[in-house]
Structure formats: structure tokens, C-alpha cells
Amino acid sequence: MRQPMPSHAWVACASMILLLAGCGQGQQPAQTTPPPPTVTVANPIKRTVVDHDEYVGRFVAIDSVEVRARVSGYLENVHFTDGQLVKQGDLLFTIDRRPFQNTLDQARANLVTAKSNLTYTAGDLARGQQLVRDRTIAEQTFEQRAQAKRNAEAAVAANEAAVRQAELDLQFTELRAPVTGRIGDRRVSPGNLVAGGTTAGTGTTTLLATIVSTDPIRFEFSFDEASFLRYQRLAKENHNGEHWAATPVMLKLIDEKTFMHGGRMDFVDNVIDRASGTIRGRAQFANADNLFTPGMFARVQLAASAPYEALLVPDAAIGTEQARKYVLVVGADNSVNQKYVTLGELDDDLRVIKTGLSADDRVIVNGMVRARPGGKVTPQEQGKAPSAASGAQAKSN
């Protein structure tokens, strides 16, 4: 059976434990305050900028033509490849010309007969003038000869018109491109009968193909009434009157990040749509490489203000607090302050600051997550190496 420990042994053990605890407490290092975090600061950049508005629109062709036959007949040949670029005057379709050649030959023969008849009646009338003076023939007979000559002249004119019409019909058997552009696919194959006409409605004539011009090309978009008034007043301030419709614009496609295509406004509608409160505008762009296609969507950018000097900061330096935007600035005592700002548009990687910031503010552009409003930081000017003192302090820490 184990004997209990004497009371004096318990006292010795307790004293030893307290002594060891005291020794361990004396070896703990003294706690130190961490140094202020290092952040990068920079003054806002001054730059002359122009505000812009952006709109979504769609490309439209300047010329869009439906190729339809002017004469009816059997389609003989197709002289293009579907989707190719064609020039004005290029041969596209050929209709069987034999019936029209026969009609032309007949009209020319009728014209020869009419001219021959005119020659005879003219000579007969000339002989009748002398005979009527000699009273060999009656006045009535002379008038009949004059009437026959007039009828022969009319017949010649009618047959000349018939010849011209037959020549036109024969010419219309060759359908040529009325404009330069890109042609679509053929709607009718050779051997089919096509219905033509010069005055018939489009519902009774056969559509053979469509051609749309591609260079230059137009871009249509709509903007609201308030923007329209702003553009009008801006034009008057620049002493351009209503010629703001010829101002330059920039455009970007849906897969592009920047506005890289330059164009020029060429039309603004004369009526604001009552239903939507918008007005239609149109710009024109060069399209030598056929990058733009009618019906394609894009975004267009218009100047919405006169040039003015603005302050810009890196867009990464902008913070968000619910619906408000702010930047962190470092004061003279290296304390952090929060300033709410009003933003403008993005210029490259810089954001225009309209209100809330002054030119001499030191804005935190790197290290925002380490800074807290009201706290202290160690500012480092952007693009400059840290000072020797700050480097020594960082090394010691």
C-alpha cells in the first residue's frame, strides 16, 4: 500500500513550481507595435479630355438593290459566284435573246417599209403641187396626197420607236450589276422561266439576286432628346451651327476592346420619334477591307463636351461603398483619409475624376487593402525607390 506524501513535501513542490513559472515569465520578449503598412501614392494626372457618349447601332448598306429581269424569258446563264464582290456593269445573268432578236429584226424591216412609203408619198405630194396649180387635179386629191405623206411620217416615227424598244428589250436580256458591292446567292437556276417587266409590281417579277454596297458603309443608331439638345448647344458654342452632324466618331465591334475605327456623322433625322423620344443618327465609315457587314452590331462613340482639363487617377485606385465611389488619400501626417468622388469616363487605364479631388492630393494607387481610413501608412511615391530610413526601418522589423 502506497504511503501518503508528507505535508512538508507538498510545500516544497509548490515552491518549486512557482519558481519555475517566474523564470519562464521573465524570458518572454516585450511586445512591439507593428510599423505602418507601406503604400504607393501618386498625385492625380492633369490631362485635357473630352466626354463621350456611346450608343449601340447596326450597319446598313448605302445601296441595296434587288436584281429583277425587265423582260420575261428563259434564264440562259449565270455569270457570277454566289457571294462574290461585283463591280458596276459586270454581267450577272443572260436571258435567251433569240425571241428578242427576232422582234428587233421585224421592227427594223417594218421601219424600212415605212420609210419607203414615206419616200413615195413625199414624191407623190410634190408632183401634186404642180398639178393642182395647173388645175389638173382637184384640191381634194391634193389634200389626200398630203394626208398620205403625214401618215407615212407618223408610221416611220412609230416604227423607229418600235426598233428602239426592241433594241432595249434585247439589251435587257443581259442583266448587269447596277452598283458595286457584294452579291448574294442566285435565286433562280438556268433553264427556269423568269417573269420580267419595267412597270409591274415586285410581286409579279422574279427576284434573281440582291446586291449591297460595302465600301463605304453606314452605321445607324438612335439617341435621346436630351443628348440631341446637348449636341446642338455644343455645336453652337463651337460656332458650327448645325454642322455637328459632320463631326468625327469612333466605333468598335463586339469583339474589340477599344474604339479603333474612325468615321464621320453624315445625317441626323429631322423628326424625334414620339413613341420612344429618340432621334435617328447615321455615320459613315470606310470599309476597304470589307470588315463591316450590313446588319452587324457595333458601338459608336460621340464627343459630348468641349475639351477641358481634368484630373485622372488609375482606375484600380477607385473604391466602392454601396452606390458611392471613393479614393484613399494620404495627408501630411501620413494618415489615411477617404474622399468621395464623382467619376467620369475611362481613358485607357485612367479614370476621369469630375469632383471630390484636388491636384495636390496624394492618392493611394497600390496597397489599398492594407490602408484604413484614419490609420497611418508609410507612403512611397510612385516610381521612386523607398528612402534609406524607411528601408532601414523595414529591415529592422
# chains A, B, ... in the order shown; residues from 1 in each chain; ligands from 1
>>> select_by_dssp(residues="region 93-284 of chain A", states="strand (DSSP E or B)", output="number ranges by chain")
A: 93-95, 174-176, 181-183, 193-194, 207-212, 217-224, 248-253, 261-268, 278-284
>>> residues_around(residues="region 341-357 of chain A", least_positions_apart="2", cutoff="7 Å", atoms="only C-alpha atoms", output="list of chain:residue names")
A:Asp51, A:Ala310, A:Leu311, A:Leu312, A:Val313, A:Pro314, A:Asp315, A:Lys325, A:Tyr326, A:Lys339, A:Ala359, A:Asp361
>>> write_last_selection(atoms="N, CA and C atoms", output="CSV table (one decimal), in the first residue's frame")
chain,number,residue,atom,x,y,z
A,51,ASP,N,-15.5,64.5,-73.0
A,51,ASP,CA,-16.5,63.5,-72.6
A,51,ASP,C,-17.1,62.9,-73.9
A,310,ALA,N,-8.9,67.9,-66.9
A,310,ALA,CA,-9.4,67.1,-65.9
A,310,ALA,C,-8.3,66.4,-65.1
A,311,LEU,N,-8.7,65.9,-63.9
A,311,LEU,CA,-7.8,65.1,-63.1
A,311,LEU,C,-8.1,63.6,-63.3
A,312,LEU,N,-7.1,62.8,-63.4
A,312,LEU,CA,-7.2,61.4,-63.7
A,312,LEU,C,-6.4,60.6,-62.7
A,313,VAL,N,-6.9,59.5,-62.3
A,313,VAL,CA,-6.2,58.5,-61.4
A,313,VAL,C,-6.4,57.1,-62.0
A,314,PRO,N,-5.5,56.2,-61.6
A,314,PRO,CA,-5.7,54.8,-62.1
A,314,PRO,C,-7.0,54.3,-61.7
A,315,ASP,N,-7.7,53.6,-62.5
A,315,ASP,CA,-9.0,53.0,-62.3
A,315,ASP,C,-8.9,52.1,-61.1
A,325,LYS,N,-18.6,56.1,-54.8
A,325,LYS,CA,-17.2,55.8,-55.2
A,325,LYS,C,-16.3,56.7,-54.4
A,326,TYR,N,-15.1,56.2,-54.0
A,326,TYR,CA,-14.2,56.9,-53.2
A,326,TYR,C,-12.7,56.6,-53.6
A,339,LYS,N,-12.0,60.0,-49.5
A,339,LYS,CA,-12.7,61.1,-50.2
A,339,LYS,C,-13.7,60.5,-51.3
A,359,ALA,N,-5.7,68.6,-57.1
A,359,ALA,CA,-4.5,68.2,-57.8
A,359,ALA,C,-3.3,67.9,-56.9
A,361,ASP,N,-3.6,66.2,-54.0
A,361,ASP,CA,-3.9,65.1,-53.1
A,361,ASP,C,-2.9,63.9,-53.5
>>> residues_around(residues="Asp96 (chain A)", least_positions_apart="5", cutoff="7 Å", atoms="only C-alpha atoms", output="list of chain:residue names")
A:Gly73, A:Tyr74, A:Leu75, A:Glu76, A:Thr173
>>> closest_residue(among="A:Val369, A:Ile62, A:Leu328, A:Leu229", to="Thr278 (chain A)", atoms="only C-alpha atoms")
A:Leu229
>>> closest_residue(among="A:Val65, A:Leu85, A:Val156, A:Ala371", to="Ala288 (chain A)", atoms="only C-alpha atoms")
A:Leu85
>>> closest_residue(among="A:Val271, A:Leu175, A:Ala166, A:Val49", to="Asp105 (chain A)", atoms="only C-alpha atoms")
A:Ala166
>>> atom_distance(atom1="CA of Phe221 (chain A)", atom2="CA of Arg280 (chain A)")
5.9 Å
>>> atom_distance(atom1="CA of Arg47 (chain A)", atom2="CA of Leu302 (chain A)")
19.1 Å
>>> select_by_dssp(residues="region 80-266 of chain A", states="alpha helix (DSSP H)", output="ChimeraX atom specification")
/A:98-133,139-171,225-237
>>> write_last_selection(atoms="C-alpha atoms", output="compact mmCIF listing (two decimals), in the first residue's frame")
# COMPACT_ATOMS: atom_id res chain seq x y z
CA ARG A 98 -33.33 34.79 -129.70
CA PRO A 99 -37.01 35.87 -129.44
CA PHE A 100 -35.96 39.46 -128.82
CA GLN A 101 -33.51 39.39 -131.73
CA ASN A 102 -36.36 38.25 -133.98
CA THR A 103 -38.57 41.07 -132.72
CA LEU A 104 -35.82 43.56 -133.43
CA ASP A 105 -35.30 42.25 -136.95
CA GLN A 106 -39.03 42.50 -137.63
CA ALA A 107 -39.15 46.06 -136.28
CA ARG A 108 -36.26 47.09 -138.48
CA ALA A 109 -37.98 45.57 -141.53
CA ASN A 110 -41.17 47.45 -140.74
CA LEU A 111 -39.15 50.61 -140.44
CA VAL A 112 -37.68 50.09 -143.91
CA THR A 113 -41.20 49.63 -145.30
CA ALA A 114 -42.42 52.77 -143.56
CA LYS A 115 -39.51 54.83 -144.87
CA SER A 116 -40.12 53.53 -148.38
CA ASN A 117 -43.76 54.50 -148.14
CA LEU A 118 -42.76 57.93 -146.88
CA THR A 119 -40.47 58.43 -149.87
CA TYR A 120 -43.27 57.51 -152.27
CA THR A 121 -45.89 59.73 -150.62
CA ALA A 122 -43.45 62.63 -150.44
CA GLY A 123 -42.78 62.37 -154.20
CA ASP A 124 -46.47 61.98 -154.96
CA LEU A 125 -47.23 65.12 -152.94
CA ALA A 126 -44.51 67.06 -154.75
CA ARG A 127 -45.98 66.12 -158.14
CA GLY A 128 -49.45 67.03 -156.91
CA GLN A 129 -48.35 70.58 -156.09
CA GLN A 130 -47.62 71.31 -159.73
CA LEU A 131 -50.77 69.52 -160.91
CA VAL A 132 -53.01 71.44 -158.55
CA ARG A 133 -51.55 74.73 -159.79
CA GLU A 139 -57.96 70.23 -154.35
CA GLN A 140 -59.43 67.21 -152.63
CA THR A 141 -57.00 64.88 -154.36
CA PHE A 142 -54.09 67.08 -153.35
CA GLU A 143 -55.24 67.04 -149.71
CA GLN A 144 -55.45 63.27 -149.83
CA ARG A 145 -51.82 63.10 -151.00
CA ALA A 146 -50.76 65.45 -148.20
CA GLN A 147 -52.58 63.33 -145.68
CA ALA A 148 -50.91 60.20 -147.00
CA LYS A 149 -47.49 61.82 -146.54
CA ARG A 150 -48.32 62.79 -142.95
CA ASN A 151 -49.49 59.26 -142.23
CA ALA A 152 -46.28 57.89 -143.72
CA GLU A 153 -44.20 60.20 -141.49
CA ALA A 154 -46.13 59.01 -138.43
CA ALA A 155 -45.61 55.40 -139.46
CA VAL A 156 -41.87 56.00 -139.73
CA ALA A 157 -41.78 57.57 -136.24
CA ALA A 158 -43.79 54.67 -134.80
CA ASN A 159 -41.54 52.08 -136.36
CA GLU A 160 -38.42 53.90 -135.19
CA ALA A 161 -39.81 53.78 -131.63
CA ALA A 162 -40.56 50.07 -132.10
CA VAL A 163 -36.96 49.50 -133.18
CA ARG A 164 -35.64 51.36 -130.14
CA GLN A 165 -37.89 49.36 -127.84
CA ALA A 166 -36.81 46.09 -129.45
CA GLU A 167 -33.18 47.11 -129.02
CA LEU A 168 -33.85 47.86 -125.35
CA ASP A 169 -35.56 44.51 -124.84
CA LEU A 170 -32.63 42.77 -126.46
CA GLN A 171 -30.26 44.72 -124.23
CA GLU A 225 -33.77 64.02 -76.91
CA ALA A 226 -31.57 65.32 -74.07
CA SER A 227 -28.43 64.20 -75.91
CA PHE A 228 -29.72 65.78 -79.11
CA LEU A 229 -30.10 69.14 -77.34
CA ARG A 230 -26.64 68.84 -75.82
CA TYR A 231 -25.09 68.20 -79.23
CA GLN A 232 -26.98 71.17 -80.68
CA ARG A 233 -25.76 73.55 -77.98
CA LEU A 234 -22.22 72.22 -78.22
CA ALA A 235 -22.25 72.92 -81.96
CA LYS A 236 -23.38 76.50 -81.36
CA GLU A 237 -20.64 77.02 -78.78
>>> closest_residue(among="A:Pro307, A:Pro216, A:Gly331, A:Gly89", to="Ala61 (chain A)", atoms="only C-alpha atoms")
A:Pro216
>>> residues_around(residues="region 177-188 of chain A", least_positions_apart="2", cutoff="9 Å", atoms="only C-alpha atoms", output="VMD selection string")
chain A and resid 63 to 65 67 75 78 80 to 92 175 190 to 194 206 to 215
>>> write_last_selection(atoms="C-alpha atoms", output="compact mmCIF listing (two decimals), in the first residue's frame")
# COMPACT_ATOMS: atom_id res chain seq x y z
CA ASP A 63 -27.08 50.93 -101.77
CA SER A 64 -29.21 47.80 -101.65
CA VAL A 65 -30.56 46.59 -104.99
CA VAL A 67 -31.84 42.33 -109.31
CA LEU A 75 -32.71 32.13 -117.93
CA VAL A 78 -25.37 32.90 -114.57
CA PHE A 80 -21.05 35.14 -111.07
CA THR A 81 -20.20 33.08 -108.00
CA ASP A 82 -22.56 33.34 -105.05
CA GLY A 83 -21.33 35.91 -102.54
CA GLN A 84 -18.61 37.46 -104.68
CA LEU A 85 -17.79 41.14 -105.00
CA VAL A 86 -19.07 42.62 -108.26
CA LYS A 87 -18.39 45.94 -109.95
CA GLN A 88 -20.94 48.19 -111.52
CA GLY A 89 -21.61 46.99 -115.07
CA ASP A 90 -20.48 43.37 -114.54
CA LEU A 91 -22.61 40.81 -116.40
CA LEU A 92 -24.70 38.77 -113.95
CA LEU A 175 -28.61 41.78 -116.57
CA PRO A 190 -30.51 28.45 -115.56
CA GLY A 191 -33.35 26.91 -117.53
CA ASN A 192 -36.14 28.46 -115.46
CA LEU A 193 -38.65 30.90 -116.88
CA VAL A 194 -38.34 34.32 -115.25
CA THR A 206 -38.86 37.25 -110.46
CA LEU A 207 -36.17 38.14 -107.90
CA LEU A 208 -32.84 36.87 -109.23
CA ALA A 209 -30.34 38.16 -106.63
CA THR A 210 -29.59 41.06 -104.29
CA ILE A 211 -26.55 43.36 -104.20
CA VAL A 212 -25.47 45.51 -101.25
CA SER A 213 -22.71 48.08 -101.40
CA THR A 214 -19.93 47.62 -98.84
CA ASP A 215 -17.47 50.50 -99.21
>>> closest_residue(among="A:Lys257, A:Lys252, A:Val363, A:Arg282", to="Glu54 (chain A)", atoms="only C-alpha atoms")
A:Lys252
>>> residues_around(residues="Gly367 (chain A)", least_positions_apart="3", cutoff="12 Å", atoms="only C-alpha atoms", output="list in words")
Pro36, Pro37, Thr38, Val39, Thr40, Val41, Ala316, Ala317, Leu328, Val329, Val336, Val363, Ile364, Arg370, Ala371, Arg372, Val377, Thr378, Pro379, Gln380 and Gln382 of chain A
>>> closest_residue(among="A:Ala283, A:Val50, A:Val60, A:Leu291", to="Pro248 (chain A)", atoms="only C-alpha atoms")
A:Ala283
>>> residues_around(residues="Ala195 (chain A)", least_positions_apart="3", cutoff="8 Å", atoms="only C-alpha atoms", output="VMD selection string")
chain A and resid 69 71 to 73 204 to 206
>>> atom_distance(atom1="CA of Thr247 (chain A)", atom2="CA of Asp53 (chain A)")
13.3 Å
